[in-house]
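A.B. asks: File query_1.txt below, compact mmCIF, C-alpha atoms and all ligand atoms:
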# COMPACT_ATOMS: atom_id res chain seq x y z
CA MET A 1293 18.50 -45.32 13.79
CA SER A 1294 21.97 -45.56 15.26
CA GLU A 1295 24.17 -42.49 15.60
CA ILE A 1296 26.43 -43.27 12.68
CA LEU A 1297 25.23 -44.72 9.39
CA ARG A 1298 27.65 -47.05 7.66
CA ILE A 1299 27.80 -47.49 3.90
CA ALA A 1300 29.17 -50.75 2.51
CA THR A 1301 31.06 -50.13 -0.72
CA ARG A 1302 33.48 -51.81 -3.07
CA LYS A 1303 37.01 -50.44 -2.99
CA SER A 1304 37.36 -49.37 -6.61
CA ARG A 1305 37.83 -45.65 -7.17
CA LEU A 1306 34.43 -45.48 -8.88
CA ALA A 1307 32.61 -47.32 -6.08
CA LEU A 1308 34.26 -45.12 -3.45
CA TRP A 1309 33.28 -41.98 -5.37
CA GLN A 1310 29.68 -43.19 -5.50
CA ALA A 1311 29.62 -44.06 -1.80
CA GLU A 1312 31.14 -40.66 -0.93
CA HIS A 1313 28.46 -39.02 -3.04
CA VAL A 1314 25.69 -40.73 -1.05
CA LYS A 1315 27.51 -40.05 2.24
CA ALA A 1316 27.62 -36.32 1.48
CA LEU A 1317 23.95 -36.35 0.50
CA ILE A 1318 22.81 -38.11 3.69
CA GLU A 1319 24.98 -35.91 5.90
CA ARG A 1320 23.60 -32.80 4.27
CA GLU A 1321 19.94 -33.87 4.08
CA TRP A 1322 19.58 -35.79 7.34
CA GLY A 1323 22.31 -34.27 9.50
CA VAL A 1324 23.56 -37.75 10.37
CA ALA A 1325 27.22 -38.81 10.44
CA VAL A 1326 28.11 -41.41 7.82
CA GLU A 1327 31.17 -43.60 7.46
CA LEU A 1328 32.26 -45.89 4.65
CA VAL A 1329 32.93 -49.62 5.04
CA PRO A 1330 35.08 -50.54 2.01
CA LEU A 1331 34.99 -54.23 1.08
CA SER A 1332 36.57 -56.39 -1.56
CA THR A 1333 34.21 -58.46 -3.71
CA ARG A 1334 34.86 -61.55 -5.81
CA GLY A 1335 34.08 -59.50 -8.90
CA ASP A 1336 37.02 -57.24 -8.03
CA GLU A 1337 39.36 -60.15 -7.38
CA ILE A 1338 38.62 -62.25 -10.47
CA LEU A 1339 40.27 -60.25 -13.22
CA ASP A 1340 41.49 -62.94 -15.56
CA ARG A 1341 38.16 -64.27 -16.77
CA SER A 1342 35.11 -62.76 -18.33
CA LEU A 1343 32.57 -62.15 -15.56
CA SER A 1344 29.82 -63.70 -17.62
CA LYS A 1345 31.68 -67.01 -17.27
CA VAL A 1346 32.17 -66.92 -13.51
CA GLY A 1347 28.77 -65.98 -12.21
CA GLY A 1348 27.82 -62.54 -13.44
CA LYS A 1349 26.50 -59.48 -11.74
CA GLY A 1350 25.94 -60.88 -8.26
CA LEU A 1351 29.69 -61.05 -7.76
CA PHE A 1352 29.88 -57.33 -7.09
CA VAL A 1353 27.12 -57.19 -4.51
CA LYS A 1354 27.22 -60.41 -2.43
CA GLU A 1355 29.95 -59.31 -0.02
CA LEU A 1356 28.15 -56.02 0.53
CA GLU A 1357 24.94 -57.90 1.33
CA TRP A 1358 26.76 -60.07 3.85
CA ALA A 1359 27.92 -56.91 5.62
CA LEU A 1360 24.30 -55.70 5.76
CA GLU A 1361 23.14 -59.08 6.99
CA ARG A 1362 25.71 -59.16 9.80
CA GLY A 1363 24.88 -55.59 10.77
CA GLU A 1364 28.36 -54.34 9.84
CA ALA A 1365 26.82 -51.76 7.52
CA ASP A 1366 23.41 -50.11 7.13
CA LEU A 1367 23.25 -49.51 3.41
CA ALA A 1368 25.07 -50.52 0.25
CA VAL A 1369 25.58 -48.17 -2.69
CA HIS A 1370 25.71 -49.82 -6.10
CA SER A 1371 25.94 -48.91 -9.75
CA LEU A 1372 22.42 -50.01 -10.56
CA LYS A 1373 23.59 -51.88 -13.62
CA ASP A 1374 25.65 -54.22 -11.44
CA VAL A 1375 22.66 -55.13 -9.26
CA PRO A 1376 20.98 -58.47 -10.09
CA MET A 1377 17.36 -58.26 -11.22
CA ALA A 1378 16.11 -60.31 -8.27
CA LEU A 1379 17.60 -59.41 -4.91
CA PRO A 1380 17.93 -62.18 -2.34
CA GLU A 1381 15.18 -62.64 0.23
CA GLY A 1382 15.47 -60.04 2.97
CA PHE A 1383 17.00 -57.25 0.84
CA THR A 1384 15.39 -54.38 -0.97
CA LEU A 1385 16.37 -51.65 -3.40
CA ALA A 1386 15.37 -48.66 -1.30
CA CYS A 1387 15.93 -46.03 -3.98
CA VAL A 1388 17.17 -45.27 -7.47
CA MET A 1389 18.80 -41.87 -7.77
CA GLU A 1390 18.82 -39.43 -10.67
CA ARG A 1391 20.64 -40.87 -13.64
CA GLU A 1392 23.70 -39.23 -15.14
CA ASP A 1393 24.76 -39.59 -18.73
CA PRO A 1394 23.70 -43.17 -19.56
CA ARG A 1395 25.62 -43.34 -22.86
CA ASP A 1396 28.60 -45.47 -23.73
CA ALA A 1397 31.78 -43.52 -24.37
CA TRP A 1398 34.28 -43.98 -27.17
CA VAL A 1399 37.83 -43.74 -25.84
CA SER A 1400 40.64 -43.75 -28.36
CA PRO A 1401 43.86 -41.74 -28.64
CA GLN A 1402 43.80 -41.85 -32.43
CA TYR A 1403 40.30 -42.29 -33.78
CA GLU A 1404 37.46 -39.90 -33.27
CA SER A 1405 34.64 -42.43 -33.55
CA LEU A 1406 33.72 -45.96 -34.52
CA ASP A 1407 33.28 -44.86 -38.14
CA ALA A 1408 36.83 -43.53 -38.28
CA LEU A 1409 38.41 -46.86 -37.28
CA PRO A 1410 40.41 -48.69 -39.94
CA LEU A 1411 39.29 -52.12 -41.10
CA GLY A 1412 39.99 -54.91 -38.62
CA ALA A 1413 40.94 -52.56 -35.77
CA ARG A 1414 41.06 -53.86 -32.19
CA VAL A 1415 38.39 -52.65 -29.78
CA GLY A 1416 38.48 -53.57 -26.09
CA THR A 1417 35.37 -54.49 -24.09
CA SER A 1418 34.30 -57.49 -22.07
CA SER A 1419 30.65 -56.60 -22.24
CA LEU A 1420 28.66 -59.00 -24.43
CA ARG A 1421 26.08 -56.28 -24.88
CA ARG A 1422 28.67 -53.92 -26.33
CA THR A 1423 30.29 -56.70 -28.35
CA VAL A 1424 27.15 -57.78 -30.21
CA GLN A 1425 26.12 -54.22 -30.97
CA LEU A 1426 29.59 -53.17 -32.13
CA LYS A 1427 29.79 -56.29 -34.32
CA ALA A 1428 26.42 -55.47 -35.85
CA LEU A 1429 27.72 -51.99 -36.74
CA ARG A 1430 31.22 -53.07 -37.79
CA PRO A 1431 31.54 -56.83 -38.46
CA ASP A 1432 35.20 -56.38 -39.45
CA LEU A 1433 36.38 -55.32 -35.98
CA GLU A 1434 38.36 -57.50 -33.65
CA ILE A 1435 36.67 -57.24 -30.27
CA LEU A 1436 39.06 -58.18 -27.48
CA PRO A 1437 38.42 -58.81 -23.77
CA LEU A 1438 39.11 -55.92 -21.41
CA ARG A 1439 38.59 -56.22 -17.67
CA GLY A 1440 39.63 -54.41 -14.52
CA ASN A 1441 38.60 -51.14 -12.99
CA LEU A 1442 38.44 -47.98 -15.07
CA ASP A 1443 42.05 -46.94 -14.43
CA THR A 1444 43.29 -50.41 -15.43
CA ARG A 1445 41.25 -50.38 -18.61
CA LEU A 1446 42.54 -46.96 -19.63
CA ARG A 1447 46.10 -48.09 -18.93
CA LYS A 1448 45.66 -51.14 -21.18
CA LEU A 1449 44.49 -48.80 -23.94
CA ASP A 1450 47.46 -46.49 -23.38
CA GLU A 1451 49.84 -49.45 -23.53
CA GLY A 1452 48.69 -50.03 -27.08
CA GLY A 1453 46.57 -53.14 -26.69
CA PHE A 1454 43.67 -51.64 -28.62
CA GLU A 1455 42.85 -48.89 -31.07
CA ALA A 1456 39.83 -47.99 -28.93
CA ILE A 1457 37.84 -49.08 -25.91
CA VAL A 1458 34.21 -48.52 -24.93
CA LEU A 1459 33.25 -47.58 -21.36
CA ALA A 1460 30.23 -46.12 -19.61
CA ALA A 1461 30.45 -42.33 -19.82
CA ALA A 1462 29.07 -41.96 -16.28
CA GLY A 1463 31.99 -43.80 -14.71
CA LEU A 1464 34.57 -41.69 -16.52
CA MET A 1465 32.75 -38.48 -15.65
CA ARG A 1466 32.50 -39.39 -11.96
CA LEU A 1467 36.24 -39.98 -11.81
CA GLY A 1468 37.06 -36.69 -13.51
CA LEU A 1469 38.21 -38.49 -16.65
CA SER A 1470 35.79 -36.83 -19.09
CA GLU A 1471 38.69 -35.57 -21.17
CA ARG A 1472 39.35 -39.18 -22.21
CA ILE A 1473 35.96 -39.35 -23.94
CA ARG A 1474 36.41 -38.72 -27.69
CA SER A 1475 32.72 -39.14 -28.47
CA ARG A 1476 29.56 -40.63 -27.10
CA PHE A 1477 27.37 -43.19 -28.84
CA GLU A 1478 23.82 -42.19 -29.64
CA LEU A 1479 21.42 -44.03 -27.33
CA GLN A 1480 19.85 -45.88 -30.27
CA THR A 1481 23.19 -46.78 -31.86
CA LEU A 1482 24.75 -48.51 -28.87
CA ILE A 1483 21.88 -49.10 -26.48
CA PRO A 1484 23.04 -49.02 -22.83
CA CYS A 1485 22.38 -51.82 -20.38
CA ALA A 1486 19.53 -51.69 -17.89
CA GLY A 1487 20.25 -49.15 -15.17
CA GLN A 1488 23.42 -47.72 -16.72
CA GLY A 1489 24.39 -44.39 -15.19
CA ALA A 1490 22.07 -44.69 -12.17
CA LEU A 1491 22.93 -45.38 -8.53
CA GLY A 1492 20.86 -47.68 -6.35
CA ILE A 1493 20.86 -48.06 -2.59
CA GLU A 1494 20.24 -51.49 -1.08
CA VAL A 1495 19.25 -52.17 2.52
CA ARG A 1496 17.85 -55.01 4.59
CA SER A 1497 14.07 -55.15 4.17
CA ASP A 1498 13.59 -55.26 7.94
CA ARG A 1499 15.06 -51.75 8.31
CA ALA A 1500 11.65 -50.17 7.71
CA GLU A 1501 12.55 -46.68 8.94
CA LEU A 1502 15.66 -46.55 6.77
CA VAL A 1503 13.76 -47.87 3.74
CA GLU A 1504 11.19 -45.14 4.18
CA ARG A 1505 13.73 -42.34 4.55
CA LEU A 1506 15.78 -43.47 1.58
CA ALA A 1507 12.67 -43.45 -0.61
CA GLY A 1508 13.00 -39.67 -0.39
CA PHE A 1509 16.11 -39.93 -2.60
CA ASN A 1510 14.20 -41.65 -5.40
CA HIS A 1511 14.24 -39.75 -8.68
CA ARG A 1512 10.91 -40.88 -10.07
CA PRO A 1513 11.62 -40.48 -13.80
CA THR A 1514 14.86 -42.45 -13.40
CA LEU A 1515 13.19 -45.04 -11.17
CA LEU A 1516 10.37 -45.72 -13.65
CA ALA A 1517 12.76 -45.88 -16.60
CA CYS A 1518 15.06 -48.27 -14.76
CA LEU A 1519 12.17 -50.48 -13.62
CA ALA A 1520 11.13 -50.87 -17.26
CA GLU A 1521 14.70 -51.64 -18.33
CA ARG A 1522 15.33 -54.09 -15.52
CA GLU A 1523 12.07 -55.91 -16.19
CA VAL A 1524 13.21 -56.70 -19.75
CA SER A 1525 16.30 -58.27 -18.30
CA ARG A 1526 14.42 -60.12 -15.55
CA GLN A 1527 11.91 -61.59 -18.00
CA LEU A 1528 14.67 -62.88 -20.24
CA GLY A 1529 16.53 -64.45 -17.34
CA GLY A 1530 18.90 -61.51 -17.34
CA SER A 1531 22.45 -61.81 -16.23
CA CYS A 1532 25.52 -60.34 -17.80
CA SER A 1533 26.03 -63.58 -19.68
CA MET A 1534 23.21 -62.36 -21.92
CA PRO A 1535 24.00 -59.80 -24.62
CA LEU A 1536 20.99 -57.66 -23.78
CA ALA A 1537 20.56 -53.89 -23.98
CA ALA A 1538 17.60 -51.96 -22.55
CA HIS A 1539 17.31 -48.22 -22.19
CA ALA A 1540 14.25 -46.03 -21.68
CA VAL A 1541 13.91 -42.28 -22.25
CA TRP A 1542 11.07 -39.92 -21.51
CA GLN A 1543 9.34 -38.06 -24.33
CA GLY A 1544 6.74 -35.97 -22.54
CA ASP A 1545 4.63 -38.44 -20.56
CA GLN A 1546 5.68 -41.30 -22.82
CA LEU A 1547 8.39 -43.71 -21.77
CA VAL A 1548 10.18 -44.99 -24.88
CA LEU A 1549 12.01 -48.26 -24.30
CA ASP A 1550 14.72 -49.40 -26.72
CA THR A 1551 16.01 -52.95 -26.48
CA ALA A 1552 18.43 -55.17 -28.35
CA LEU A 1553 19.27 -58.84 -27.93
CA GLY A 1554 22.13 -60.69 -29.55
CA ASP A 1555 23.59 -64.13 -29.16
CA GLU A 1556 27.05 -64.80 -27.89
CA ALA A 1557 28.07 -66.83 -30.93
CA LEU A 1558 27.01 -63.92 -33.17
CA ALA A 1559 25.25 -66.48 -35.33
CA HIS A 1560 22.10 -64.41 -35.78
CA PRO A 1561 21.37 -60.79 -36.54
CA LEU A 1562 20.75 -58.54 -33.57
CA LEU A 1563 17.09 -58.39 -32.53
CA ARG A 1564 15.69 -54.98 -31.71
CA ALA A 1565 12.42 -53.85 -30.20
CA ARG A 1566 11.15 -50.37 -29.34
CA LEU A 1567 7.98 -49.95 -27.30
CA GLN A 1568 6.45 -46.94 -25.65
CA GLY A 1569 3.64 -46.12 -23.29
CA ALA A 1570 2.23 -43.47 -20.97
CA VAL A 1571 3.83 -44.79 -17.81
CA GLN A 1572 2.67 -43.41 -14.46
CA SER A 1573 3.38 -46.19 -12.00
CA PRO A 1574 6.03 -48.80 -11.24
CA GLU A 1575 3.57 -51.49 -12.38
CA ALA A 1576 3.08 -49.77 -15.75
CA ALA A 1577 6.86 -49.41 -16.15
CA GLU A 1578 7.34 -53.12 -15.52
CA ALA A 1579 4.49 -53.99 -17.87
CA LEU A 1580 6.24 -52.02 -20.62
CA GLY A 1581 9.45 -53.92 -19.91
CA ALA A 1582 7.63 -57.25 -19.96
CA ALA A 1583 6.01 -56.39 -23.30
CA ALA A 1584 9.40 -55.52 -24.80
CA ALA A 1585 10.82 -58.82 -23.55
CA GLN A 1586 7.91 -60.66 -25.18
CA ARG A 1587 8.51 -58.80 -28.44
CA LEU A 1588 12.16 -59.88 -28.39
CA ARG A 1589 11.11 -63.49 -27.70
CA ASP A 1590 8.67 -63.38 -30.63
CA LEU A 1591 11.34 -61.94 -32.93
CA GLY A 1592 13.76 -64.63 -31.83
CA SER A 1593 11.41 -67.51 -32.52
CA ARG A 1594 10.76 -66.27 -36.04
CA PRO A 1595 13.01 -67.82 -38.69
CA ALA A 1596 15.70 -65.45 -39.94
CA GLU A 1597 14.95 -63.76 -43.25
N1 LIG B 1 30.45 -52.91 -15.46
C1 LIG B 1 31.20 -52.12 -14.50
C2 LIG B 1 30.60 -50.78 -14.30
N2 LIG B 1 29.60 -50.60 -13.43
C3 LIG B 1 29.22 -49.27 -13.49
C4 LIG B 1 30.03 -48.63 -14.40
C5 LIG B 1 29.95 -47.22 -14.78
C6 LIG B 1 28.91 -46.38 -14.09
C7 LIG B 1 27.49 -46.65 -14.47
O1 LIG B 1 27.18 -47.09 -15.59
O2 LIG B 1 26.62 -46.39 -13.62
C8 LIG B 1 30.94 -49.57 -14.92
C9 LIG B 1 32.00 -49.32 -15.89
C10 LIG B 1 31.65 -49.55 -17.34
O3 LIG B 1 30.72 -50.30 -17.66
O4 LIG B 1 32.33 -48.98 -18.19
Mind turning the file's structure into C-alpha cells?
Ligand SMILES: NCc1[nH]cc(CCC(=O)O)c1CC(=O)O

C.D. replies:
Amino acid sequence: MSEILRIATRKSRLALWQAEHVKALIEREWGVAVELVPLSTRGDEILDRSLSKVGGKGLFVKELEWALERGEADLAVHSLKDVPMALPEGFTLACVMEREDPRDAWVSPQYESLDALPLGARVGTSSLRRTVQLKALRPDLEILPLRGNLDTRLRKLDEGGFEAIVLAAAGLMRLGLSERIRSRFELQTLIPCAGQGALGIEVRSDRAELVERLAGFNHRPTLLACLAEREVSRQLGGSCSMPLAAHAVWQGDQLVLDTALGDEALAHPLLRARLQGAVQSPEAAEALGAAAAQRLRDLGSRPAE
C-alpha cells in the first residue's frame, strides 16, 4: 500500500464530513496518512431536474469511480443509499459501517409533525419514496420538488417555499443540524430507503490488500440489514426512479424487513410487505430481501380490492 491513502469524495458538506470521518478512522486504526480528493459529480451539478428523470443514483458515484480507475484515489466513501445496487465490473463495496439514525426527519418551523399540518399544506421532497408514503398518510398534501444539498434545502424551507420538508435524520445530525429536526418518523410509518444512514466504502476489486483491510470496518448487523434491503431494490430493478422503501431492524436474532412500493402516478394504493427470518449470513440476508421483493410483486399483480 502506498504511503498516503487518498479518499475520493463529493464536495458537498455532508460528503466531506463522511470522508473526514473515514479519514480519521483509518489514520487512527492503521496509522496511515490519508488525504481527501474532492470531486464534483453530475448529481451535484444537475439541480434543476428530479434525479429520477436524469439517470438516478449512479450520478453521485461515477466520477468517484473514474478517480479510482485512473489511480487518482484509493477508496471512495459514499452514503450507502446513493450507491447503485449493482456496481460496475471491477469495483467492490469493501465495507458497510455502523448505521446511524436511519429515520426520516420532519423539519418545519411551524408544525410539530405531519399530523399537525393544515389541510393542503406544502411539503418539500424530491424523493418518490417519501412522496408516495406521505401521500398515503395525507392525500390532501401538496408535495413539491426540493433538490440541492442539505443547506440549500433548509434555505428553501426558511424562504417560505414549504410548510415542512422531510430529510434523512443522519445527514442533519452529521452536519450538526439536529436542532432543525422537529420530530422523527417511526420506521414503520415512513419506511427509509435501502441503506439509509449507513456509509459504504468502494474500492477497485483488484486492490486485494485494501479490500481485506477495509473488511475490518464492517459492522456486521448493519451489513446484513443493508444487504437484505438492497436486495429488495436489486430484485425490483431498483433505482431512485422507483418509489421503493426497504428497512430492516434486528429483533434478537431475527432480521425484520419492512418494505413499501408505490407507483409514481399514485394510481394504486401503497403495497407493503414485512418479512422476517433468523439471518446469519450475507446469503440469508439477500434471500430475505428477495422473498420480500417477490411478496411485493405478488401483491402488485393482484387486482386492487
Ligand atoms: N439523497 C441524498 C442523501 N444521501 C444521503 C443522505 C443523508 C445521509 C444518509 O441517509 O446516509 C441524503 C440526504 C437526504 O436524503 O435527506

A.B. asks: Using all atoms listed in the file, find all polymer residues with an atom at most 8 Å away from the point (36.1, -57.2, -36.5); report them as a list in words.

C.D. replies: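 Looking at atoms near the point gives Leu1411, Gly1412, Ala1413, Arg1414, Lys1427, Arg1430, Pro1431, Asp1432, Leu1433, Glu1434 and Ile1435 of chain A.
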
A.B. asks: Okay, now the selection with C-alpha atoms, as a JSON list (two decimals), keeping the file's coordinate frame?

C.D. replies:
[["chain", "number", "residue", "atom", "x", "y", "z"],
["A", 1411, "LEU", "CA", 39.29, -52.12, -41.10],
["A", 1412, "GLY", "CA", 39.99, -54.91, -38.62],
["A", 1413, "ALA", "CA", 40.94, -52.56, -35.77],
["A", 1414, "ARG", "CA", 41.06, -53.86, -32.19],
["A", 1427, "LYS", "CA", 29.79, -56.29, -34.32],
["A", 1430, "ARG", "CA", 31.22, -53.07, -37.79],
["A", 1431, "PRO", "CA", 31.54, -56.83, -38.46],
["A", 1432, "ASP", "CA", 35.20, -56.38, -39.45],
["A", 1433, "LEU", "CA", 36.38, -55.32, -35.98],
["A", 1434, "GLU", "CA", 38.36, -57.50, -33.65],
["A", 1435, "ILE", "CA", 36.67, -57.24, -30.27]]

A.B. asks: Using the file's own x, y and z axes, so that the box edges lie along x, y and z, what centre and edge lengths in Å (one decimal) does a box around every listed atom of ligand LIG 1 (chain B) get when 3 Å is added on each side? Give it as JSON.

C.D. replies:
{"center_x": 29.5, "center_y": -49.6, "center_z": -15.8, "size_x": 11.7, "size_y": 12.5, "size_z": 10.8}

A.B. asks: Quick one: of A:Pro1484, A:Gly1554, A:Gly1468, A:Gly1416, who's nearest to A:Arg1445, counting only C-alpha atoms?

C.D. replies: A:Gly1416

A.B. asks: Taking 6 positions as the minimum chain separation for residues in the same chain, which residues sit within 7 Å of A:Leu1519 when counting only C-alpha atoms? Answer as JSON, numbers by chain.

C.D. replies: {"A": [1574, 1577, 1578]}

A.B. asks: Tell me which protein, DNA and RNA residues are within 10 Å of stretch 1400-1409 of chain A, counting only C-alpha atoms, leaving out same-chain ones fewer than 2 positions away, and put them as a PyMOL selection string.

C.D. replies: chain A and resi 1397-1398+1411-1415+1426+1429-1430+1433+1446+1449-1450+1452+1454-1458+1472-1477

A.B. asks: So, with only C-alpha atoms as the atoms that count, which of A:Asp1443, A:Glu1451, A:Glu1321, A:Glu1390 lies closest to A:Asn1510?

C.D. replies: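 Smallest separation from A:Asn1510 among the options: A:Glu1390.
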
A.B. asks: Counting all atoms listed in the file, which protein, DNA or RNA residues come within 9 Å of ligand LIG 1 (chain B), given as number ranges by chain?

C.D. replies: A: 1306-1307, 1349, 1370-1374, 1391-1397, 1417-1419, 1440-1442, 1458-1466, 1484-1485, 1487-1491

A.B. asks: Given all atoms listed in the file as the basis, pick out the residue of A:Lys1354, A:Arg1499, A:His1313, A:Arg1298 nearest to A:Val1375.

C.D. replies: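 Of all the options, A:Lys1354 lies closest to A:Val1375.
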
A.B. asks: If I take atom CA of A:Lys1448 and atom CA of A:Pro1376, how far is one from the other in Å, to one decimal?

C.D. replies: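 Distance reported for this atom pair: 28.0 Å.
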
A.B. asks: Quick check, in Å to one decimal: how far apart do atom CA of A:Leu1328 and atom CA of A:Ala1300 lie?

C.D. replies: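 These atoms are spaced 6.1 Å apart.
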
A.B. asks: Would you mind reading off the distance between atom CA of A:Leu1515 and atom CA of A:Arg1566, one decimal, in Å?

C.D. replies: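 Separating atom CA of A:Leu1515 from atom CA of A:Arg1566 is a distance of 19.0 Å.
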
A.B. asks: When distances are computed from all atoms listed in the file, which of A:Gly1529, A:Glu1556, A:Ala1570, A:Glu1501 shows the smallest separation from A:Gln1543?

C.D. replies: A:Ala1570

A.B. asks: From the list A:Glu1295, A:Glu1364, A:Asp1498, A:Glu1575, which residue is nearest A:Leu1331 when using all atoms listed in the file?

C.D. replies: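 Checking each of A:Glu1295, A:Glu1364, A:Asp1498, A:Glu1575 against A:Leu1331, counting all atoms listed in the file, the winner is A:Glu1364.
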
A.B. asks: Using all atoms listed in the file, pick whichever of A:Glu1327, A:Gln1572, A:Glu1523, A:Gly1544 has the shortest atom-to-atom distance to A:Ala1584.

C.D. replies: A:Glu1523

A.B. asks: For A:Cys1387, list every protein, DNA or RNA residue within 9 Å, evaluated using all atoms listed in the file, and leave out those in the same chain fewer than 2 positions away; present the list as a PyMOL selection string.

C.D. replies: chain A and resi 1384-1385+1389+1491-1494+1503+1506-1511+1515

A.B. asks: If we count only C-alpha atoms, what is near A:Leu1528 at a cut-off of 8 Å, once residues fewer than 3 positions away on the same chain are taken out, given as a compact mmCIF listing (two decimals) with C-alpha atoms, in the frame of the given file?

C.D. replies:
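Ended up saving to part_37.txt:
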# COMPACT_ATOMS: atom_id res chain seq x y z
CA VAL A 1524 13.21 -56.70 -19.75
CA SER A 1525 16.30 -58.27 -18.30
CA ALA A 1585 10.82 -58.82 -23.55
